[in-house]
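For reference, data.cif (mmCIF, C-alpha atoms):
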data_target
loop_
_atom_site.label_atom_id
_atom_site.label_comp_id
_atom_site.auth_asym_id
_atom_site.auth_seq_id
_atom_site.Cartn_x
_atom_site.Cartn_y
_atom_site.Cartn_z
CA MET E 4 0.00 0.00 0.00
CA ARG E 5 2.71 2.45 0.98
CA ARG E 6 4.71 1.61 -2.13
CA THR E 7 1.65 2.13 -4.30
CA TRP E 8 1.04 5.56 -2.82
CA MET E 9 4.66 6.50 -3.30
CA VAL E 10 4.63 5.47 -6.94
CA LEU E 11 1.37 7.26 -7.58
CA THR E 12 2.66 10.40 -5.92
CA ALA E 13 5.92 10.32 -7.88
CA VAL E 14 4.08 9.83 -11.15
CA ALA E 15 1.72 12.68 -10.36
CA VAL E 16 4.59 15.03 -9.54
CA PHE E 17 6.45 14.00 -12.70
CA LEU E 18 3.42 14.62 -14.84
CA MET E 19 2.91 18.00 -13.21
CA LEU E 20 6.54 18.97 -13.90
CA ALA E 21 6.39 17.64 -17.43
CA GLN E 22 3.28 19.67 -18.05
CA THR E 23 4.91 22.77 -16.65
CA ALA E 24 8.12 22.25 -18.61
CA SER E 25 6.31 22.01 -21.89
CA ALA E 26 4.32 25.20 -21.34
CA ALA E 27 5.13 27.77 -24.03
CA GLY E 28 6.89 30.96 -23.09
CA SER E 29 9.21 33.63 -24.39
CA ALA E 30 12.03 35.82 -23.13
CA PRO E 31 12.94 39.02 -25.01
CA ALA E 32 16.23 40.89 -24.89
CA SER E 33 16.67 44.33 -26.37
CA VAL E 34 20.06 45.22 -27.86
CA SER E 35 20.96 48.90 -28.23
CA ILE E 36 23.54 49.56 -30.94
CA THR E 37 25.62 52.63 -31.70
CA ALA E 38 28.13 53.55 -34.40
CA THR E 39 29.94 56.84 -34.89
CA VAL E 40 30.73 58.80 -38.03
CA ASP E 41 33.57 61.27 -37.57
CA PRO E 42 33.76 64.63 -39.34
CA PHE E 43 35.73 64.07 -42.56
CA ALA E 44 36.29 65.24 -46.10
CA GLU E 45 37.72 63.39 -49.03
CA TRP E 46 37.84 63.72 -52.78
CA ALA E 47 35.92 61.15 -54.78
CA ASN E 48 38.99 60.99 -57.00
CA ALA E 49 42.14 61.85 -55.11
CA SER E 50 44.34 61.94 -58.23
CA PRO E 51 42.38 63.43 -61.11
CA ALA E 52 44.11 64.46 -64.32
CA ILE E 53 43.26 66.77 -67.16
CA GLY E 54 44.19 65.00 -70.34
CA ALA E 55 45.05 66.60 -73.66
CA GLY E 56 41.65 65.63 -74.99
CA GLU E 57 39.81 67.56 -72.27
CA TRP E 58 40.95 70.97 -73.53
CA THR E 59 38.82 73.06 -75.82
CA GLY E 60 41.48 72.38 -78.40
CA HIS E 61 45.20 72.22 -79.02
CA VAL E 62 47.16 75.43 -79.20
CA GLY E 63 47.70 76.09 -82.88
CA ALA E 64 48.56 79.75 -83.07
CA VAL E 65 50.13 82.63 -81.20
CA ASP E 66 48.12 84.37 -78.49
CA GLN E 67 45.58 81.58 -78.51
CA THR E 68 43.47 80.73 -75.46
CA ARG E 69 42.47 77.22 -74.54
CA THR E 70 40.57 76.10 -71.46
CA ALA E 71 39.74 72.91 -69.63
CA THR E 72 37.29 72.19 -66.84
CA LYS E 73 37.74 69.39 -64.35
CA ALA E 74 34.65 68.46 -62.39
CA LEU E 75 35.54 67.19 -58.95
CA SER E 76 33.38 65.71 -56.19
CA LEU E 77 34.19 66.48 -52.61
CA TYR E 78 32.62 64.24 -49.96
CA ALA E 79 32.38 66.19 -46.72
CA ASN E 80 30.22 66.21 -43.60
CA VAL E 81 31.76 69.32 -42.14
CA THR E 82 32.40 72.82 -43.44
CA ILE E 83 35.80 72.84 -45.06
CA THR E 84 38.40 75.21 -46.47
CA LEU E 85 39.93 74.54 -49.87
CA THR E 86 43.49 75.71 -50.38
CA PRO E 87 45.18 75.48 -53.80
CA SER E 88 48.88 74.78 -54.05
CA SER E 89 51.39 73.24 -56.42
CA THR E 90 54.53 71.23 -55.98
CA GLY E 91 55.93 73.31 -58.83
CA THR E 92 54.89 76.64 -60.24
CA GLY E 93 51.48 75.56 -61.49
CA ILE E 94 52.50 76.94 -64.91
CA LEU E 95 52.11 74.72 -67.98
CA THR E 96 55.64 73.96 -69.01
CA ASN E 97 57.39 72.06 -71.78
CA GLY E 98 61.16 72.21 -71.30
CA THR E 99 61.96 75.91 -71.17
CA ASN E 100 58.73 76.94 -72.85
CA THR E 101 55.65 77.90 -70.92
CA LEU E 102 52.07 78.84 -71.57
CA SER E 103 50.48 81.63 -69.58
CA THR E 104 48.45 79.65 -67.06
CA SER E 105 45.58 80.73 -64.84
CA TYR E 106 42.86 79.08 -62.82
CA LYS E 107 39.34 79.43 -61.48
CA ILE E 108 37.41 77.53 -58.84
CA THR E 109 33.64 77.33 -59.26
CA GLY E 110 30.88 75.09 -58.02
CA GLU E 111 29.61 74.69 -54.48
CA VAL E 112 32.01 77.13 -52.84
CA THR E 113 30.68 80.17 -51.06
CA GLU E 114 32.52 82.58 -53.36
CA PRO E 115 33.24 81.05 -56.74
CA ASP E 116 35.75 82.84 -58.94
CA ILE E 117 34.39 85.14 -61.62
CA ALA E 118 37.68 85.65 -63.40
CA TYR E 119 40.76 83.53 -63.89
CA LYS E 120 43.60 84.05 -61.44
CA ALA E 121 47.18 83.77 -62.65
CA ALA E 122 49.31 80.90 -61.42
CA GLY E 123 51.49 82.54 -58.78
CA THR E 124 51.73 83.29 -55.11
CA GLY E 125 51.44 87.07 -55.32
CA ALA E 126 48.48 89.02 -54.09
CA GLY E 127 45.37 88.13 -56.03
CA GLU E 128 46.99 85.13 -57.66
CA PHE E 129 45.72 81.58 -57.47
CA PHE E 130 48.36 80.19 -55.12
CA ALA E 131 48.40 83.18 -52.77
CA ALA E 132 48.05 82.12 -49.15
CA ALA E 133 44.94 84.24 -48.83
CA ASN E 134 43.27 82.56 -51.79
CA THR E 135 41.07 79.96 -50.12
CA TYR E 136 37.56 78.73 -50.76
CA THR E 137 34.89 77.68 -48.30
CA VAL E 138 32.55 74.75 -48.81
CA THR E 139 29.72 75.10 -46.33
CA HIS E 140 28.33 71.78 -45.22
CA VAL E 141 24.59 71.31 -45.18
CA ALA E 142 23.39 68.39 -43.07
CA GLY E 143 22.32 65.53 -45.28
CA ASP E 144 24.26 66.83 -48.28
CA GLY E 145 27.60 65.08 -48.11
CA SER E 146 28.72 65.57 -51.71
CA TYR E 147 29.80 68.86 -53.25
CA ALA E 148 30.61 69.63 -56.87
CA ILE E 149 33.80 71.63 -57.30
CA ASN E 150 35.13 72.70 -60.66
CA LEU E 151 38.74 73.47 -61.39
CA LEU E 152 39.09 75.50 -64.57
CA VAL E 153 42.43 75.99 -66.28
CA GLN E 154 43.26 78.49 -68.95
CA ALA E 155 46.36 78.33 -71.17
CA VAL E 156 47.38 81.16 -73.45
CA SER E 157 50.18 80.92 -75.97
CA PRO E 158 52.69 83.78 -76.30
CA ASN E 159 51.69 86.60 -78.62
CA ASP E 160 55.14 87.18 -80.03
CA ARG E 161 56.33 83.72 -81.00
CA ALA E 162 55.22 80.14 -81.48
CA PRO E 163 55.82 77.98 -78.42
CA ASP E 164 57.56 74.66 -78.90
CA ALA E 165 55.25 71.92 -80.05
CA GLY E 166 54.57 69.21 -77.48
CA ASP E 167 52.78 68.45 -74.23
CA TYR E 168 52.81 71.11 -71.51
CA THR E 169 52.30 69.92 -67.95
CA CYS E 170 51.93 71.23 -64.43
CA ASN E 171 50.13 70.20 -61.25
CA VAL E 172 47.71 71.66 -58.75
CA THR E 173 46.80 70.37 -55.30
CA LEU E 174 43.50 71.29 -53.71
CA THR E 175 43.66 70.58 -50.00
CA ALA E 176 40.45 70.27 -48.02
CA SER E 177 40.87 71.06 -44.34
CA TRP E 178 38.50 71.51 -41.44
CA MET J 14 -6.42 3.80 19.90
CA TRP J 15 -9.37 5.90 20.94
CA PRO J 16 -12.13 4.76 23.28
CA GLY J 17 -14.80 2.72 21.46
CA MET J 18 -12.65 2.12 18.42
CA SER J 19 -12.34 -1.46 17.29
CA ARG J 20 -8.99 -3.06 16.70
CA CYS J 21 -9.69 -3.19 12.99
CA GLN J 22 -10.64 0.52 12.83
CA ALA J 23 -7.51 1.42 14.71
CA GLY J 24 -5.41 -0.53 12.26
CA CYS J 25 -6.94 1.20 9.25
CA LEU J 26 -6.49 4.67 10.74
CA SER J 27 -2.87 3.89 11.48
CA GLY J 28 -2.30 2.86 7.83
CA VAL J 29 -3.90 6.00 6.40
CA LEU J 30 -1.85 8.25 8.62
CA ALA J 31 1.32 6.42 7.59
CA VAL J 32 0.52 6.89 3.88
CA ARG J 33 -0.23 10.60 4.38
CA HIS J 34 3.05 10.96 6.16
CA ASP J 35 4.86 9.42 3.18
CA ILE J 36 3.07 11.71 0.73
CA VAL J 37 4.12 14.74 2.72
CA ARG J 38 7.70 13.52 2.79
CA ILE J 39 7.77 12.84 -0.94
CA ALA J 40 6.23 16.20 -1.72
CA ALA J 41 8.80 17.91 0.49
CA VAL J 42 11.68 16.14 -1.24
CA VAL J 43 10.39 17.00 -4.72
CA SER J 44 9.79 20.61 -3.75
CA GLY J 45 13.29 20.81 -2.38
CA LEU J 46 14.74 19.50 -5.62
CA ILE J 47 12.77 22.03 -7.62
CA CYS J 48 13.90 24.89 -5.43
CA ALA J 49 17.51 23.71 -5.54
CA ALA J 50 17.50 23.62 -9.30
CA GLY J 51 16.07 27.13 -9.47
CA GLY J 52 13.23 28.49 -11.52
CA LEU J 53 14.56 27.01 -14.76
CA ALA J 54 13.78 23.56 -13.37
CA LEU J 55 10.27 24.36 -14.53
CA GLY J 56 11.45 24.69 -18.16
CA GLY J 57 12.20 27.89 -20.07
CA ALA J 58 14.83 30.39 -21.15
CA ASN J 59 16.14 33.72 -20.04
CA TRP J 60 18.72 36.23 -21.27
CA SER J 61 21.07 37.15 -18.49
CA GLY J 62 23.26 40.22 -18.26
CA GLN J 63 20.78 42.73 -19.63
CA PRO J 64 20.63 45.51 -20.66
CA TYR J 65 22.64 44.79 -23.78
CA THR J 66 24.52 47.58 -25.51
CA LEU J 67 26.75 47.15 -28.55
CA ALA J 68 29.01 50.04 -29.50
CA VAL J 69 30.89 49.62 -32.77
CA PRO J 70 34.46 50.22 -31.57
CA ASP J 71 35.95 52.01 -34.57
CA ASP J 72 34.57 55.24 -36.02
CA ILE J 73 33.78 55.73 -39.68
CA THR J 74 36.20 58.25 -41.14
CA GLY J 75 35.56 58.04 -44.87
CA ALA J 76 32.94 57.47 -47.54
CA GLY J 77 32.12 53.84 -48.26
CA GLN J 78 33.84 52.69 -45.10
CA ALA J 79 32.44 49.78 -43.07
CA ARG J 80 32.93 49.11 -39.38
CA SER J 81 31.69 46.19 -37.29
CA GLY J 82 31.34 45.12 -33.70
CA SER J 83 29.91 42.26 -31.68
CA LEU J 84 28.40 41.43 -28.33
CA VAL J 85 28.08 38.10 -26.55
CA MET J 86 24.69 37.54 -24.95
CA THR J 87 24.05 34.74 -22.47
CA LEU J 88 21.02 32.54 -22.93
CA ASP J 89 20.08 30.50 -19.87
CA HIS J 90 17.74 27.71 -20.87
CA ASP J 91 16.82 24.19 -19.97
CA THR J 92 14.67 23.53 -22.98
CA PRO J 93 15.18 23.79 -26.73
CA CYS J 94 14.06 27.15 -28.00
CA THR J 95 13.90 29.40 -31.02
CA ILE J 96 15.30 32.91 -31.27
CA THR J 97 13.42 35.42 -33.39
CA VAL J 98 14.32 39.01 -34.22
CA SER J 99 12.01 41.99 -34.04
CA VAL J 100 11.98 45.73 -33.42
CA ALA J 101 9.96 47.97 -31.16
CA LYS J 102 9.06 50.20 -34.08
CA ALA J 103 9.62 50.05 -37.80
CA GLY J 104 13.10 51.07 -38.86
CA ASP J 105 14.74 50.55 -35.49
CA GLU J 106 17.00 47.94 -37.05
CA VAL J 107 18.80 50.54 -39.19
CA LEU J 108 21.54 52.71 -37.70
CA ALA J 109 20.21 56.26 -37.98
CA SER J 110 21.10 59.76 -36.88
CA ALA J 111 18.97 62.81 -37.54
CA GLY J 112 17.48 61.41 -40.71
CA ASP J 113 20.70 59.98 -42.09
CA THR J 114 21.33 56.25 -42.10
CA LEU J 115 24.14 53.75 -42.43
CA ALA J 116 23.73 50.49 -44.30
CA THR J 117 23.26 48.07 -41.42
CA SER J 118 23.87 44.33 -41.44
CA TYR J 119 23.74 41.70 -38.76
CA LYS J 120 24.91 38.21 -37.91
CA LEU J 121 23.92 35.90 -35.08
CA THR J 122 26.41 33.19 -34.24
CA GLY J 123 27.08 30.69 -31.47
CA ALA J 124 27.82 27.01 -31.02
CA ALA J 125 24.36 26.50 -29.53
CA LEU J 126 22.65 27.70 -32.70
CA GLN J 127 21.75 25.15 -35.30
CA ASN J 128 24.56 25.16 -37.90
CA GLY J 129 26.32 27.78 -35.82
CA GLY J 130 24.06 30.61 -36.99
CA ASP J 131 24.85 33.02 -39.81
CA GLY J 132 27.92 32.49 -41.94
CA ASP J 133 27.70 35.84 -43.62
CA TRP J 134 26.24 39.28 -43.06
CA VAL J 135 22.48 39.58 -43.29
CA ASP J 136 20.95 42.90 -44.33
CA SER J 137 18.85 44.55 -41.67
CA SER J 138 15.45 43.86 -43.21
CA THR J 139 16.23 40.19 -43.84
CA PHE J 140 17.56 39.88 -40.29
CA LEU J 141 14.08 40.61 -38.99
CA THR J 142 12.75 37.56 -40.77
CA ARG J 143 15.29 35.13 -39.34
CA ASN J 144 14.59 32.28 -36.92
CA TYR J 145 17.45 30.63 -35.09
CA SER J 146 16.96 27.22 -33.56
CA VAL J 147 18.66 26.33 -30.30
CA PRO J 148 18.09 22.57 -30.38
CA GLU J 149 19.77 21.57 -27.15
CA THR J 150 19.01 22.42 -23.55
CA GLY J 151 21.46 24.31 -21.32
CA PRO J 152 23.98 25.01 -19.84
CA PRO J 153 24.01 28.78 -20.48
CA ASP J 154 25.01 29.47 -24.06
CA GLY J 155 26.86 32.45 -25.52
CA ILE J 156 25.00 33.89 -28.48
CA THR J 157 26.95 36.55 -30.36
CA ILE J 158 25.23 39.35 -32.21
CA TRP J 159 27.33 41.13 -34.81
CA VAL J 160 26.55 44.42 -36.47
CA ARG J 161 28.19 46.10 -39.44
CA ALA J 162 27.74 49.77 -40.27
CA ALA J 163 28.65 50.88 -43.78
CA ALA J 164 28.85 54.51 -44.83
CA SER J 165 27.51 55.68 -48.16
CA SER J 166 29.99 55.43 -50.98
CA GLY J 167 28.82 58.47 -52.96
CA ARG J 168 28.80 61.08 -50.22
CA ALA J 169 29.80 61.73 -46.64
CA ASN J 170 27.23 60.68 -44.09
CA ASN J 171 26.47 63.26 -41.45
CA ALA J 172 28.92 63.18 -38.59
CA GLY J 173 27.55 61.93 -35.29
CA THR J 174 26.35 58.93 -33.36
CA TYR J 175 24.04 56.54 -35.15
CA SER J 176 21.68 54.35 -33.14
CA ALA J 177 19.65 51.20 -33.72
CA SER J 178 18.00 48.54 -31.60
CA VAL J 179 16.74 45.04 -32.13
CA ILE J 180 14.91 42.60 -29.90
CA LEU J 181 15.96 38.98 -29.72
CA THR J 182 13.23 36.78 -28.29
CA ALA J 183 13.83 33.23 -27.13
CA SER J 184 10.63 31.20 -27.36
CA TRP J 185 9.93 27.67 -26.25
#
Show me the file's structure as structure tokens.
Amino acid sequence: MRRTWMVLTAVAVFLMLAQTASAAGSAPASVSITATVDPFAEWANASPAIGAGEWTGHVGAVDQTRTATKALSLYANVTITLTPSSTGTGILTNGTNTLSTSYKITGEVTEPDIAYKAAGTGAGEFFAAANTYTVTHVAGDGSYAINLLVQAVSPNDRAPDAGDYTCNVTLTASW
Amino acid sequence: MWPGMSRCQAGCLSGVLAVRHDIVRIAAVVSGLICAAGGLALGGANWSGQPYTLAVPDDITGAGQARSGSLVMTLDHDTPCTITVSVAKAGDEVLASAGDTLATSYKLTGAALQNGGDGDWVDSSTFLTRNYSVPETGPPDGITIWVRAAASSGRANNAGTYSASVILTASW
């Protein structure tokens, strides 16, 4: 009799536990996630080039003006200052021959150039320390179109040597 | 033996009392075992160590850049269960800051998950449709949630802290 009661009791308890264990349930856990974007600026193309075919034409006469426009994209999420510089003179050169070279910056800068500025570091010239451009960041607009325009003029008193004339310009974005 | 009670009646009463005594003892032993094993002895699952916060350790410093981070969550369970993913409100799964967003991907991994969980990144909307089976019972299992934040490639995302949240629910 005692054994029977014990067995019955054990079975009842087991069934009760089994029933409880199989009861459906759920446990949620919320995960909060953060990531940080730093202020930055970078050029879509860090090493653009103006090829011979991008000019309005080859120089084929004295005192002839040719221009080229390079469209650049600046990715920025902060207001930046653009400063032009050159590792050389910024003047189109072929051996000892040069073409009169000048530049303009237009596009999404607060004060785009109206006129070309001569390649040089003097007052009013393109590489002057004071010649900087501001790109004002607008939240949500992280891409800005900047145009670098170059103008080459052949001498008016002689024919320059035939060939390719080269120079370089660096536009540094800082913030 | 009370006055007026027959020998037979006394014997029966003695037997009943003895059985009741055994029942009480058995019940006490079983209850003790249940208490010793804790609440999970009743079957279920629980995430321990909450609240969970996952901060992607490295900042994004350029367009098109991706950064990732992970967090190990502990699932206490003594029954097989299934983990589902949801959000408190639509869009919570995407890292966002003042209207700007980062491409957000997730992975859930862990030895306790069937097939080890995700082998590759899952985009945020697909992640919400995933079910992860935890076929075995305990001991506590480490479930790792991974998140990847990718900046836009054609512009600079706004600077700042981007936030998201997801809910992992263990059901059994």
Enumerate, in order of chain and increasing residue number, the residues of chain J with an atom no farther than 6 Å from chain E, each with its shortest atom pair and distance in Å to one decimal, counting all atoms listed in the file, as CSV.
residue,atom,partner,partner_atom,distance
J:Val32,CA,E:Arg5,CA,5.7
J:Leu55,CA,E:Ala24,CA,5.1
J:Gly56,CA,E:Ala24,CA,4.2
J:Asn59,CA,E:Ala30,CA,5.6
J:Tyr65,CA,E:Val34,CA,4.8
J:Thr66,CA,E:Ser35,CA,4.7
J:Leu67,CA,E:Ile36,CA,4.7
J:Ala68,CA,E:Thr37,CA,4.8
J:Val69,CA,E:Ala38,CA,5.1
J:Asp72,CA,E:Thr39,CA,5.0
J:Ile73,CA,E:Val40,CA,4.6
J:Thr74,CA,E:Asp41,CA,5.4
J:Arg168,CA,E:Gly145,CA,4.7
J:Ala169,CA,E:Gly145,CA,4.3
J:Asn170,CA,E:Gly145,CA,6.0
J:Asn171,CA,E:Asn80,CA,5.2
J:Ala172,CA,E:Val40,CA,4.8
J:Gly173,CA,E:Val40,CA,5.2
J:Thr174,CA,E:Thr39,CA,4.4
J:Tyr175,CA,E:Ala38,CA,5.1
J:Ser176,CA,E:Thr37,CA,4.5
J:Ala177,CA,E:Ile36,CA,5.1
J:Ser178,CA,E:Ser35,CA,4.5
J:Val179,CA,E:Val34,CA,5.4
J:Ile180,CA,E:Ser33,CA,4.3
J:Leu181,CA,E:Ala32,CA,5.2
J:Thr182,CA,E:Pro31,CA,4.0
J:Ala183,CA,E:Ala30,CA,5.1
J:Ser184,CA,E:Ser29,CA,4.1
J:Trp185,CA,E:Ala27,CA,5.3
Report as a PDB file with C-alpha atoms, in the frame of the given file all protein, DNA and RNA residues lying within 9 Å of Ala121 (chain E), evaluated on only C-alpha atoms, omitting residues in the same chain fewer than 3 positions from it.
ATOM      1  CA  ILE E  94      52.500  76.940 -64.910  1.00  0.00           C
ATOM      2  CA  SER E 103      50.480  81.630 -69.580  1.00  0.00           C
ATOM      3  CA  THR E 104      48.450  79.650 -67.060  1.00  0.00           C
ATOM      4  CA  SER E 105      45.580  80.730 -64.840  1.00  0.00           C
ATOM      5  CA  TYR E 106      42.860  79.080 -62.820  1.00  0.00           C
ATOM      6  CA  THR E 124      51.730  83.290 -55.110  1.00  0.00           C
ATOM      7  CA  GLY E 127      45.370  88.130 -56.030  1.00  0.00           C
ATOM      8  CA  GLU E 128      46.990  85.130 -57.660  1.00  0.00           C
ATOM      9  CA  PHE E 129      45.720  81.580 -57.470  1.00  0.00           C
ATOM     10  CA  PHE E 130      48.360  80.190 -55.120  1.00  0.00           C
TER      11      PHE E 130
END
Check: Could you state the separation of CA of Thr68 (chain E) and CA of Ala155 (chain E) in Å, given to one decimal place?
Finding: 5.7 Å
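With distances restricted to all atoms listed in the file, E:Cys170 is the closest residue to Ala122 (chain E) from E:Ala74, E:Ala64, E:Cys170, E:Val138.
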Item checked: Contact residues around region 109-125 of chain J with all atoms listed in the file at 6 Å, ignoring same-chain residues under 6 positions, as a ChimeraX atom specification -> /J:131,134-137,147,156-164,175-176
Margin query: Between CA of Pro152 (chain J) and CA of Asp91 (chain J), what distance in Å does the model show, to one decimal?
Written below: 7.2 Å
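Take CA of Leu102 (chain E) and CA of Glu114 (chain E): the distance between them is 27.0 Å.
Residues matched by the PyMOL selection byres ((chain E and resi 54) around 12) in this file are Pro51, Ala52, Ile53, Ala55, Gly56, Glu57, Trp58, Thr59, Gly60, His61, Thr70, Ala71, Thr72, Lys73, Val153, Asp167, Tyr168, Thr169 and Cys170 of chain E.
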Next item on the list: Determine the residue set returned by the PyMOL selection byres ((chain J and resi 127) around 7) for the present structure, and present it as a VMD selection string.
Entry: chain J and resid 125 to 126 128 to 130 145 to 148
For the residues in that selection, give me C-alpha atoms as a tab-separated table (two decimals), keeping the file's coordinate frame.
chain	number	residue	atom	x	y	z
J	125	ALA	CA	24.36	26.50	-29.53
J	126	LEU	CA	22.65	27.70	-32.70
J	128	ASN	CA	24.56	25.16	-37.90
J	129	GLY	CA	26.32	27.78	-35.82
J	130	GLY	CA	24.06	30.61	-36.99
J	145	TYR	CA	17.45	30.63	-35.09
J	146	SER	CA	16.96	27.22	-33.56
J	147	VAL	CA	18.66	26.33	-30.30
J	148	PRO	CA	18.09	22.57	-30.38
Next item on the list: Do a neighbour search on Glu111 (chain E) at 9 Å with only C-alpha atoms, toss out local chain neighbours closer than 2 positions, and write the hits as a list in words.
Entry: Thr109, Thr113, Glu114, Pro115, Thr137, Val138, Thr139, Tyr147, Ala148, Ile149 and Asn150 of chain E
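Residues in contact with Gly151 (chain J) at 7 Å, where all atoms listed in the file are counted and same-chain residues fewer than 2 positions away are skipped, are listed as Asp89, His90, Asp91, Glu149, Pro153 and Asp154 of chain J.
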Next item on the list: Could you give me, as a PyMOL selection string, the residues that sit within 8 Å of (53.9, 75.7, -59.3) in the file's coordinates, counting only C-alpha atoms?
Entry: chain E and resi 88-94+122-123+170-172
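If you measure from each of E:Gly166, E:Pro158, E:Pro87, E:Gly125 to Val65 (chain E) using only C-alpha atoms, the closest one turns out to be E:Pro158.
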Hits from the PyMOL selection byres ((chain E and resi 98-100) around 8), listed as a PDB file with C-alpha atoms, in the frame of the given file:
ATOM      1  CA  THR E  96      55.640  73.960 -69.010  1.00  0.00           C
ATOM      2  CA  ASN E  97      57.390  72.060 -71.780  1.00  0.00           C
ATOM      3  CA  THR E 101      55.650  77.900 -70.920  1.00  0.00           C
ATOM      4  CA  LEU E 102      52.070  78.840 -71.570  1.00  0.00           C
ATOM      5  CA  PRO E 163      55.820  77.980 -78.420  1.00  0.00           C
ATOM      6  CA  ASP E 164      57.560  74.660 -78.900  1.00  0.00           C
TER       7      ASP E 164
END
